[in-house]
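Participant: Got a file for you: final-v7.cif, mmCIF, C-alpha atoms (C1' of nucleotides).
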data_my_file
loop_
_atom_site.label_atom_id
_atom_site.label_comp_id
_atom_site.auth_asym_id
_atom_site.auth_seq_id
_atom_site.Cartn_x
_atom_site.Cartn_y
_atom_site.Cartn_z
CA MET A 1280 37.14 -15.56 -10.25
CA ASN A 1281 35.51 -15.74 -6.83
CA THR A 1282 32.74 -18.32 -6.96
CA VAL A 1283 30.78 -16.59 -4.21
CA ILE A 1284 30.59 -13.48 -6.33
CA GLN A 1285 29.63 -15.58 -9.35
CA TYR A 1286 26.83 -17.13 -7.34
CA LEU A 1287 25.56 -13.77 -6.11
CA LEU A 1288 25.45 -12.45 -9.67
CA LYS A 1289 23.42 -15.45 -10.85
CA GLU A 1290 21.06 -15.07 -7.95
CA GLN A 1291 20.48 -11.39 -8.63
CA ARG A 1292 20.25 -11.89 -12.42
CA LEU A 1293 23.15 -9.53 -12.99
CA ARG A 1294 25.33 -10.00 -16.09
CA ASN A 1295 28.82 -11.19 -15.51
CA THR A 1296 30.79 -8.37 -17.09
CA ARG A 1297 34.52 -7.69 -16.69
CA PHE A 1298 33.85 -4.34 -15.03
CA ARG A 1299 31.35 -5.73 -12.60
CA GLN A 1300 33.79 -8.51 -11.73
CA ALA A 1301 36.62 -6.04 -11.29
CA ILE A 1302 34.53 -3.79 -9.08
CA LEU A 1303 33.38 -6.63 -6.86
CA GLN A 1304 36.90 -8.05 -6.61
CA THR A 1305 38.24 -4.65 -5.65
CA LEU A 1306 35.57 -4.17 -3.01
CA ASP A 1307 36.33 -7.63 -1.73
CA HIS A 1308 40.02 -6.88 -1.26
CA GLN A 1309 39.29 -3.54 0.36
CA ALA A 1310 39.96 -3.21 4.08
CA SER A 1311 37.63 -0.23 4.46
CA PRO A 1312 34.85 1.44 2.47
CA ILE A 1313 35.97 3.06 -0.77
CA SER A 1314 34.49 6.00 -2.68
CA ALA A 1315 33.42 5.88 -6.32
CA PRO A 1316 36.18 8.30 -7.44
CA ASP A 1317 38.83 6.23 -5.62
CA LEU A 1318 37.43 3.04 -7.08
CA LEU A 1319 37.55 4.55 -10.56
CA ARG A 1320 41.19 5.60 -10.14
CA LYS A 1321 42.12 2.20 -8.74
CA LEU A 1322 40.54 0.38 -11.67
CA GLN A 1323 42.15 2.67 -14.22
CA ILE A 1324 45.55 2.15 -12.63
CA SER A 1325 44.93 -1.60 -12.87
CA GLY A 1326 44.51 -1.20 -16.60
CA TYR A 1327 40.75 -1.04 -16.98
CA SER A 1328 39.60 1.75 -19.28
CA ILE A 1329 36.37 2.24 -17.44
CA ASN A 1330 34.21 5.31 -17.44
CA LYS A 1331 33.06 7.10 -14.30
CA THR A 1332 29.42 6.85 -15.35
CA THR A 1333 29.80 3.09 -15.32
CA VAL A 1334 31.22 3.09 -11.83
CA TYR A 1335 28.46 5.30 -10.45
CA ARG A 1336 25.76 3.29 -12.18
CA GLU A 1337 27.30 0.06 -11.02
CA MET A 1338 27.28 1.19 -7.41
CA ASP A 1339 23.59 2.09 -7.77
CA ILE A 1340 22.83 -1.37 -9.12
CA LEU A 1341 24.83 -3.21 -6.48
CA LEU A 1342 23.18 -1.10 -3.79
CA ALA A 1343 19.71 -1.81 -5.13
CA LYS A 1344 20.48 -5.52 -5.32
CA GLY A 1345 21.79 -5.45 -1.78
CA LEU A 1346 25.32 -6.59 -2.61
CA VAL A 1347 26.98 -3.47 -1.25
CA GLU A 1348 26.27 -1.02 1.52
CA GLU A 1349 26.71 2.72 1.46
CA VAL A 1350 28.38 4.48 4.34
CA ARG A 1351 29.11 8.12 4.78
CA PHE A 1352 31.64 9.66 7.08
CA ASN A 1353 32.22 13.39 7.52
CA GLU A 1354 33.16 13.79 3.90
CA ASP A 1355 31.71 15.00 0.63
CA VAL A 1356 31.75 11.51 -0.86
CA ARG A 1357 29.80 8.34 -0.40
CA ARG A 1358 31.74 5.19 0.36
CA TYR A 1359 30.87 1.61 -0.42
CA GLU A 1360 31.68 -1.78 1.03
CA LEU A 1361 30.57 -5.31 0.34
CA LYS A 1362 27.57 -6.14 2.45
CA SER A 1363 28.52 -8.63 5.09
CA ALA A 1364 28.11 -8.53 8.82
CA HIS A 1365 26.87 -5.13 9.90
CA HIS A 1366 29.71 -3.19 11.41
CA HIS A 1367 30.83 0.28 12.35
CA HIS A 1368 34.00 2.31 11.90
CA LEU A 1369 36.72 4.19 13.70
CA ILE A 1370 37.75 7.19 11.61
CA CYS A 1371 40.96 8.99 12.55
CA GLN A 1372 40.49 12.73 12.20
CA THR A 1373 44.21 13.29 11.71
CA CYS A 1374 45.44 10.65 9.25
CA GLN A 1375 42.00 9.67 7.90
CA LYS A 1376 42.68 6.00 8.51
CA ILE A 1377 39.50 3.96 8.71
CA GLU A 1378 39.21 0.84 10.78
CA GLU A 1379 36.27 -1.50 10.97
CA ILE A 1380 35.04 -2.73 14.31
CA ALA A 1381 33.02 -5.83 14.89
CA PHE A 1382 30.51 -4.30 17.18
CA ALA A 1383 28.81 -6.39 19.79
CA HIS A 1384 26.66 -3.45 20.78
CA ASP A 1385 23.02 -4.19 19.99
CA LEU A 1386 20.68 -1.33 19.14
CA SER A 1387 17.53 -3.36 18.54
CA ASP A 1388 16.16 -2.61 22.01
CA LYS A 1389 16.69 1.06 21.33
CA GLU A 1390 14.99 0.76 17.97
CA ALA A 1391 12.02 -0.96 19.60
CA GLU A 1392 11.85 1.88 22.11
CA ILE A 1393 11.88 4.43 19.28
CA LEU A 1394 8.96 2.64 17.61
CA ALA A 1395 7.03 2.58 20.87
CA THR A 1396 7.62 6.18 21.90
CA LYS A 1397 8.04 7.95 18.57
CA LYS A 1398 6.09 5.65 16.24
CA PHE A 1399 9.13 5.74 13.97
CA LYS A 1400 10.05 2.44 12.28
CA VAL A 1401 13.84 2.18 12.11
CA LEU A 1402 15.06 0.39 8.99
CA LYS A 1403 18.73 1.02 9.45
CA HIS A 1404 21.10 3.06 11.53
CA SER A 1405 24.58 4.47 11.26
CA LEU A 1406 27.02 4.64 14.12
CA GLU A 1407 30.54 5.90 13.52
CA PHE A 1408 33.29 7.00 15.85
CA PHE A 1409 35.62 9.90 15.08
CA GLY A 1410 38.83 10.52 16.96
CA LEU A 1411 42.52 9.70 17.08
CA CYS A 1412 44.14 6.42 16.12
CA GLU A 1413 46.97 5.06 18.24
CA SER A 1414 49.85 6.53 16.24
CA CYS A 1415 48.24 9.95 15.89
CA GLN A 1416 47.68 10.10 19.64
CA LYS A 1417 51.41 9.61 20.12
CA LYS A 1418 52.29 12.28 17.55
CA CYS A 1419 50.02 14.83 19.23
CA LYS A 1420 51.75 14.55 22.58
CA MET B 16 18.35 40.25 19.34
CA ASN B 17 18.93 37.15 21.44
CA THR B 18 21.16 38.06 24.36
CA VAL B 19 22.55 34.55 24.60
CA ILE B 20 23.83 34.82 21.04
CA GLN B 21 25.22 38.27 21.80
CA TYR B 22 27.07 36.85 24.79
CA LEU B 23 28.48 33.95 22.77
CA LEU B 24 29.77 36.32 20.11
CA LYS B 25 31.54 38.45 22.73
CA GLU B 26 33.02 35.40 24.34
CA GLN B 27 34.37 34.09 21.04
CA ARG B 28 35.54 37.52 19.91
CA LEU B 29 33.35 37.37 16.82
CA ARG B 30 32.08 40.59 15.29
CA ASN B 31 28.40 41.27 15.61
CA THR B 32 27.43 41.59 11.95
CA ARG B 33 23.91 41.52 10.50
CA PHE B 34 24.64 38.34 8.54
CA ARG B 35 26.10 36.52 11.51
CA GLN B 36 23.11 37.55 13.58
CA ALA B 37 20.70 36.45 10.86
CA ILE B 38 22.44 33.09 10.48
CA LEU B 39 22.44 32.40 14.21
CA GLN B 40 18.81 33.48 14.57
CA THR B 41 17.82 31.22 11.71
CA LEU B 42 19.69 28.29 13.18
CA ASP B 43 18.07 29.01 16.53
CA HIS B 44 14.56 28.86 15.06
CA GLN B 45 15.32 25.71 13.10
CA ALA B 46 13.70 22.48 14.27
CA SER B 47 16.28 20.30 12.53
CA PRO B 48 19.75 20.72 11.01
CA ILE B 49 19.85 22.89 7.88
CA SER B 50 22.26 22.81 4.94
CA ALA B 51 24.28 25.80 3.73
CA PRO B 52 22.38 26.01 0.42
CA ASP B 53 19.03 25.93 2.24
CA LEU B 54 20.24 28.50 4.73
CA LEU B 55 21.35 30.74 1.87
CA ARG B 56 17.95 30.47 0.17
CA LYS B 57 16.12 31.14 3.41
CA LEU B 58 18.15 34.26 4.12
CA GLN B 59 17.70 35.57 0.59
CA ILE B 60 13.94 35.06 0.81
CA SER B 61 14.00 36.99 4.08
CA GLY B 62 15.49 39.90 2.20
CA TYR B 63 19.19 39.53 2.94
CA SER B 64 21.38 39.93 -0.13
CA ILE B 65 24.01 37.57 1.15
CA ASN B 66 26.56 35.66 -0.89
CA LYS B 67 27.05 31.91 -0.73
CA THR B 68 30.74 32.32 0.03
CA THR B 69 29.76 34.23 3.15
CA VAL B 70 27.44 31.49 4.30
CA TYR B 71 30.04 28.76 3.79
CA ARG B 72 32.74 30.76 5.49
CA GLU B 73 30.43 31.65 8.34
CA MET B 74 29.64 28.00 8.95
CA ASP B 75 33.37 27.25 9.04
CA ILE B 76 33.91 29.97 11.61
CA LEU B 77 30.98 28.96 13.80
CA LEU B 78 32.14 25.35 13.62
CA ALA B 79 35.68 26.26 14.59
CA LYS B 80 34.42 28.37 17.48
CA GLY B 81 32.19 25.54 18.63
CA LEU B 82 28.90 27.41 18.25
CA VAL B 83 27.46 24.98 15.74
CA GLU B 84 27.73 21.29 15.06
CA GLU B 85 27.94 19.58 11.70
CA VAL B 86 25.83 16.53 11.01
CA ARG B 87 25.60 14.48 7.89
CA PHE B 88 22.82 12.17 6.88
CA ASN B 89 22.75 10.09 3.73
CA GLU B 90 22.94 13.14 1.53
CA ASP B 91 25.40 15.10 -0.55
CA VAL B 92 25.22 18.08 1.77
CA ARG B 93 26.43 18.92 5.24
CA ARG B 94 23.88 20.14 7.73
CA TYR B 95 24.37 22.42 10.69
CA GLU B 96 22.63 23.00 14.00
CA LEU B 97 23.30 25.14 17.02
CA LYS B 98 25.40 23.25 19.48
CA SER B 99 23.36 22.39 22.51
CA ALA B 100 22.69 19.08 24.18
CA HIS B 101 24.12 16.27 22.10
CA HIS B 102 21.31 14.50 20.31
CA HIS B 103 20.55 12.18 17.43
CA HIS B 104 18.02 12.10 14.62
CA LEU B 105 15.26 10.07 13.04
CA ILE B 106 15.36 10.54 9.26
CA CYS B 107 12.35 9.39 7.26
CA GLN B 108 13.50 7.76 4.04
CA THR B 109 10.22 8.55 2.31
CA CYS B 110 9.30 12.14 3.16
CA GLN B 111 12.76 13.21 4.36
CA LYS B 112 11.35 14.61 7.58
CA ILE B 113 13.99 14.91 10.28
CA GLU B 114 13.17 14.65 13.95
CA GLU B 115 15.53 15.13 16.85
CA ILE B 116 15.56 12.67 19.70
CA ALA B 117 16.78 13.38 23.16
CA PHE B 118 18.77 10.23 23.56
CA ALA B 119 19.27 8.73 26.96
CA HIS B 120 21.56 6.10 25.49
CA ASP B 121 25.08 6.53 26.77
CA LEU B 122 28.00 5.45 24.61
CA SER B 123 30.81 6.43 26.96
CA ASP B 124 31.27 2.87 28.21
CA LYS B 125 31.57 1.76 24.62
CA GLU B 126 34.07 4.48 23.89
CA ALA B 127 36.13 3.45 26.90
CA GLU B 128 36.08 -0.12 25.61
CA ILE B 129 37.25 1.06 22.19
CA LEU B 130 40.15 2.90 23.80
CA ALA B 131 41.10 -0.17 25.82
CA THR B 132 40.87 -2.74 23.02
CA LYS B 133 41.67 -0.69 19.92
CA LYS B 134 43.78 2.13 21.42
CA PHE B 135 41.53 4.51 19.50
CA LYS B 136 40.60 7.72 21.35
CA VAL B 137 37.02 8.62 20.44
CA LEU B 138 36.43 12.38 20.26
CA LYS B 139 32.93 12.27 18.89
CA HIS B 140 30.43 9.88 17.40
CA SER B 141 27.48 10.01 15.11
CA LEU B 142 24.40 7.87 15.52
CA GLU B 143 21.44 8.37 13.22
CA PHE B 144 18.37 6.27 12.54
CA PHE B 145 16.85 5.90 9.08
CA GLY B 146 13.39 4.51 8.47
CA LEU B 147 9.74 5.45 8.20
CA CYS B 148 7.92 8.13 10.15
CA GLU B 149 4.43 7.47 11.45
CA SER B 150 2.51 8.94 8.52
CA CYS B 151 4.71 7.29 5.88
CA GLN B 152 4.20 3.92 7.55
CA LYS B 153 0.45 4.36 7.12
CA LYS B 154 0.78 5.39 3.47
CA CYS B 155 2.88 2.33 2.67
CA LYS B 156 0.26 -0.09 3.91
"C1'" DT C 393 25.56 -21.36 -33.28
"C1'" DT C 394 23.04 -17.59 -34.13
"C1'" DG C 395 19.79 -13.89 -33.70
"C1'" DA C 396 17.24 -10.90 -30.85
"C1'" DC C 397 16.37 -8.51 -26.77
"C1'" DA C 398 17.73 -6.49 -22.57
"C1'" DA C 399 21.32 -4.90 -19.96
"C1'" DA C 400 25.68 -2.53 -19.82
"C1'" DT C 401 28.78 1.06 -21.37
"C1'" DG C 402 30.90 5.50 -23.16
"C1'" DC C 403 30.65 10.12 -24.09
"C1'" DA C 404 29.54 14.73 -23.54
"C1'" DA C 405 27.14 17.96 -21.35
"C1'" DC C 406 25.12 19.10 -17.29
"C1'" DT C 407 23.91 20.35 -12.05
"C1'" DA C 408 25.12 21.37 -7.56
"C1'" DA C 409 28.16 21.69 -3.39
"C1'" DG C 410 31.90 23.58 -1.87
"C1'" DT C 411 36.58 26.35 -2.33
"C1'" DT C 412 39.93 30.10 -3.34
"C1'" DG C 413 42.24 34.55 -4.43
"C1'" DC C 414 41.76 39.04 -4.43
"C1'" DA C 415 39.71 43.46 -3.95
"C1'" DT C 416 36.57 46.17 -1.11
"C1'" DA C 417 33.67 47.24 2.93
"C1'" DA C 418 32.43 47.15 7.67
"C1'" DT C 419 33.58 46.70 12.61
"C1'" DA C 420 35.88 47.45 17.05
"C1'" DA C 421 39.44 49.25 19.72
"C1'" DT C 422 42.45 53.09 20.48
"C1'" DA D 573 38.60 59.89 13.50
"C1'" DT D 574 42.29 56.52 12.51
"C1'" DT D 575 43.74 52.13 11.92
"C1'" DA D 576 44.18 47.23 12.12
"C1'" DT D 577 41.48 43.38 11.64
"C1'" DT D 578 37.66 40.86 10.24
"C1'" DA D 579 33.90 40.21 7.09
"C1'" DT D 580 32.06 40.23 2.50
"C1'" DG D 581 31.27 39.91 -2.67
"C1'" DC D 582 32.53 38.36 -6.94
"C1'" DA D 583 34.21 35.42 -10.32
"C1'" DA D 584 36.45 31.56 -11.45
"C1'" DC D 585 37.39 27.16 -10.11
"C1'" DT D 586 37.24 21.94 -8.49
"C1'" DT D 587 34.96 17.83 -7.74
"C1'" DA D 588 30.99 14.52 -7.00
"C1'" DG D 589 27.37 12.95 -9.06
"C1'" DT D 590 23.54 12.77 -12.95
"C1'" DT D 591 21.29 12.34 -17.53
"C1'" DG D 592 20.15 11.48 -22.47
"C1'" DC D 593 21.36 9.14 -26.19
"C1'" DA D 594 23.90 6.22 -29.16
"C1'" DT D 595 26.51 1.94 -29.23
"C1'" DT D 596 28.24 -2.42 -27.55
"C1'" DT D 597 27.99 -6.68 -25.06
"C1'" DG D 598 26.01 -10.65 -22.55
"C1'" DT D 599 22.32 -14.07 -22.17
"C1'" DC D 600 19.03 -17.17 -23.54
"C1'" DA D 601 15.87 -19.40 -26.54
"C1'" DA D 602 15.29 -21.38 -30.93
#
I need this file expressed as structure tokens, please.
Facilitator:
Amino acid sequence: MNTVIQYLLKEQRLRNTRFRQAILQTLDHQASPISAPDLLRKLQISGYSINKTTVYREMDILLAKGLVEEVRFNEDVRRYELKSAHHHHLICQTCQKIEEIAFAHDLSDKEAEILATKKFKVLKHSLEFFGLCESCQKKCK
Amino acid sequence: MNTVIQYLLKEQRLRNTRFRQAILQTLDHQASPISAPDLLRKLQISGYSINKTTVYREMDILLAKGLVEEVRFNEDVRRYELKSAHHHHLICQTCQKIEEIAFAHDLSDKEAEILATKKFKVLKHSLEFFGLCESCQKKCK
DNA sequence: TTGACAAATGCAACTAAGTTGCATAATAAT
DNA sequence: ATTATTATGCAACTTAGTTGCATTTGTCAA
């Protein structure tokens, strides 16, 4: 299995279980953030007889250890992605396709301004764009 | 009751019912976005014997008619606020206090860039800041 | 290698948000 | 007042997420 993942587990003192491996592998191969229910289904289809409690608890652990990041779009579910470079998303409101964007836009000046004027210490932010992807724009014409 | 609300209802051809009035008044007096369950509780405490189905359906209607806006923080509930000037929020991760910020930051250049490079037409965005409010910063020291 | 301890897992029962179908009540226009 | 339309209540439902407790599994030291 992925040696980077192996290393991260060692570093965080997390046991190297088959489910944890499978979850991290799946997240790694994922092009966009996935929800716990989707992850569960995906793993079960792949032959793992894993329980939903395990998936939810695992996401909590990985979040706490800083291996994954939680994002939330305009949905009733939380989504997760491996923590890497901080990025944002384009969410199509028609076909629900989610695309990541490497975002050059820097908000640290803004966050400094918020601290100065509002005395609020920003620890993280979320910035997501909702609209129409290229193919859905064409369909709507 | 508020004549602005009255006017909006006329304009949108929405019936002027006591529940709709109460919901709009409540939203109007709200300093930050409120969830449907909270809104329901608030109305019931105020003496309205209103059903949760009504509240949920009402929010759908007001959303569709463009009278309210839906926002979502890192929670399992949707929140609603009267649609006015577009603004963003500071959400304290310790005491959960939510503050609105009138945000001078303009993202339309960014959205134009996204259209040009990604062919994605942005219809709306969400930008929220999570961190520590002034008093929680002091407590954590 | 083995034994012991801590971490991981399954199961069942639970909470809470949000939805739906259908019957009834209230509103607005004529 | 009559009528068509919209709003509402109720009950039953779906789904995400949580919790307590019993059991299994991984890790590490002896």
Participant: Taking into account only C-alpha atoms, which residue in the set A:Lys1289, A:Lys1321, A:His1308, A:Arg1299 is nearest to Thr1333 of chain A?
Facilitator: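 Using only C-alpha atoms, Thr1333 of chain A sits closest to A:Arg1299.
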Participant: Determine the residue set returned by the PyMOL selection byres ((chain D) within 10 of (chain A)) for the present structure, and present it as a PDB file with C-alpha atoms (C1' of nucleotides), in the coordinates of the input.
Facilitator:
ATOM      1  C1'  DT D 587      34.960  17.830  -7.740  1.00  0.00           C
ATOM      2  C1'  DA D 588      30.990  14.520  -7.000  1.00  0.00           C
ATOM      3  C1'  DG D 589      27.370  12.950  -9.060  1.00  0.00           C
ATOM      4  C1'  DT D 590      23.540  12.770 -12.950  1.00  0.00           C
ATOM      5  C1'  DT D 597      27.990  -6.680 -25.060  1.00  0.00           C
ATOM      6  C1'  DG D 598      26.010 -10.650 -22.550  1.00  0.00           C
ATOM      7  C1'  DT D 599      22.320 -14.070 -22.170  1.00  0.00           C
TER       8       DT D 599
END
Participant: Would you kindly identify which residues have an atom no farther than 8 Å from (21.0, 14.4, -21.0), using all atoms listed in the file and the file's own coordinates, and write them out as a list of chain:residue names?
Facilitator: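 Collected hits near the coordinates: C:DA405, C:DC406, D:DT591, D:DG592, D:DC593.
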Participant: Could you list the residues chosen by the PyMOL selection byres ((chain C and resi 393) around 12) in this structure as a list in words?
Facilitator: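 Taken over the shown coordinates, the PyMOL selection byres ((chain C and resi 393) around 12) returns DT394 and DG395 of chain C; DA601 and DA602 of chain D.
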Participant: List, as a PyMOL selection string, every residue that the PyMOL selection byres ((chain A) within 6 of (chain B)) selects in the file provided.
Facilitator: chain A and resi 1398-1413
Participant: Please compute the atom CA of His102 of chain B-atom CA of Leu23 of chain B distance, one decimal, in Å.
Facilitator: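 Atom-to-atom, atom CA of His102 of chain B to atom CA of Leu23 of chain B, that is 20.9 Å.
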Participant: When you draw a straight line from atom CA of Gln27 of chain B to atom CA of Lys98 of chain B, how long is it in Å?
Facilitator: 14.2 Å
Participant: Starting from chain C, keep only residues with some atom at most 10 Å from an atom of chain B, counting all atoms listed in the file, and report them as number ranges by chain.
Facilitator: C: 408-411, 418-420
Participant: Mind pulling up the distance from atom CA of Leu1318 of chain A to atom C1' of DA400 of chain C?
Facilitator: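 Computing the Euclidean distance for atom C1' of DA400 of chain C and atom CA of Leu1318 of chain A yields 18.2 Å.
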Participant: Set the distance at 8 Å and use all atoms listed in the file: which residues neighbour Ser1311 of chain A once local chain neighbours fewer than 5 positions away are removed? I'd like the list as an MDAnalysis selection string.
Facilitator: chainID A and resid 1360 1377:1379
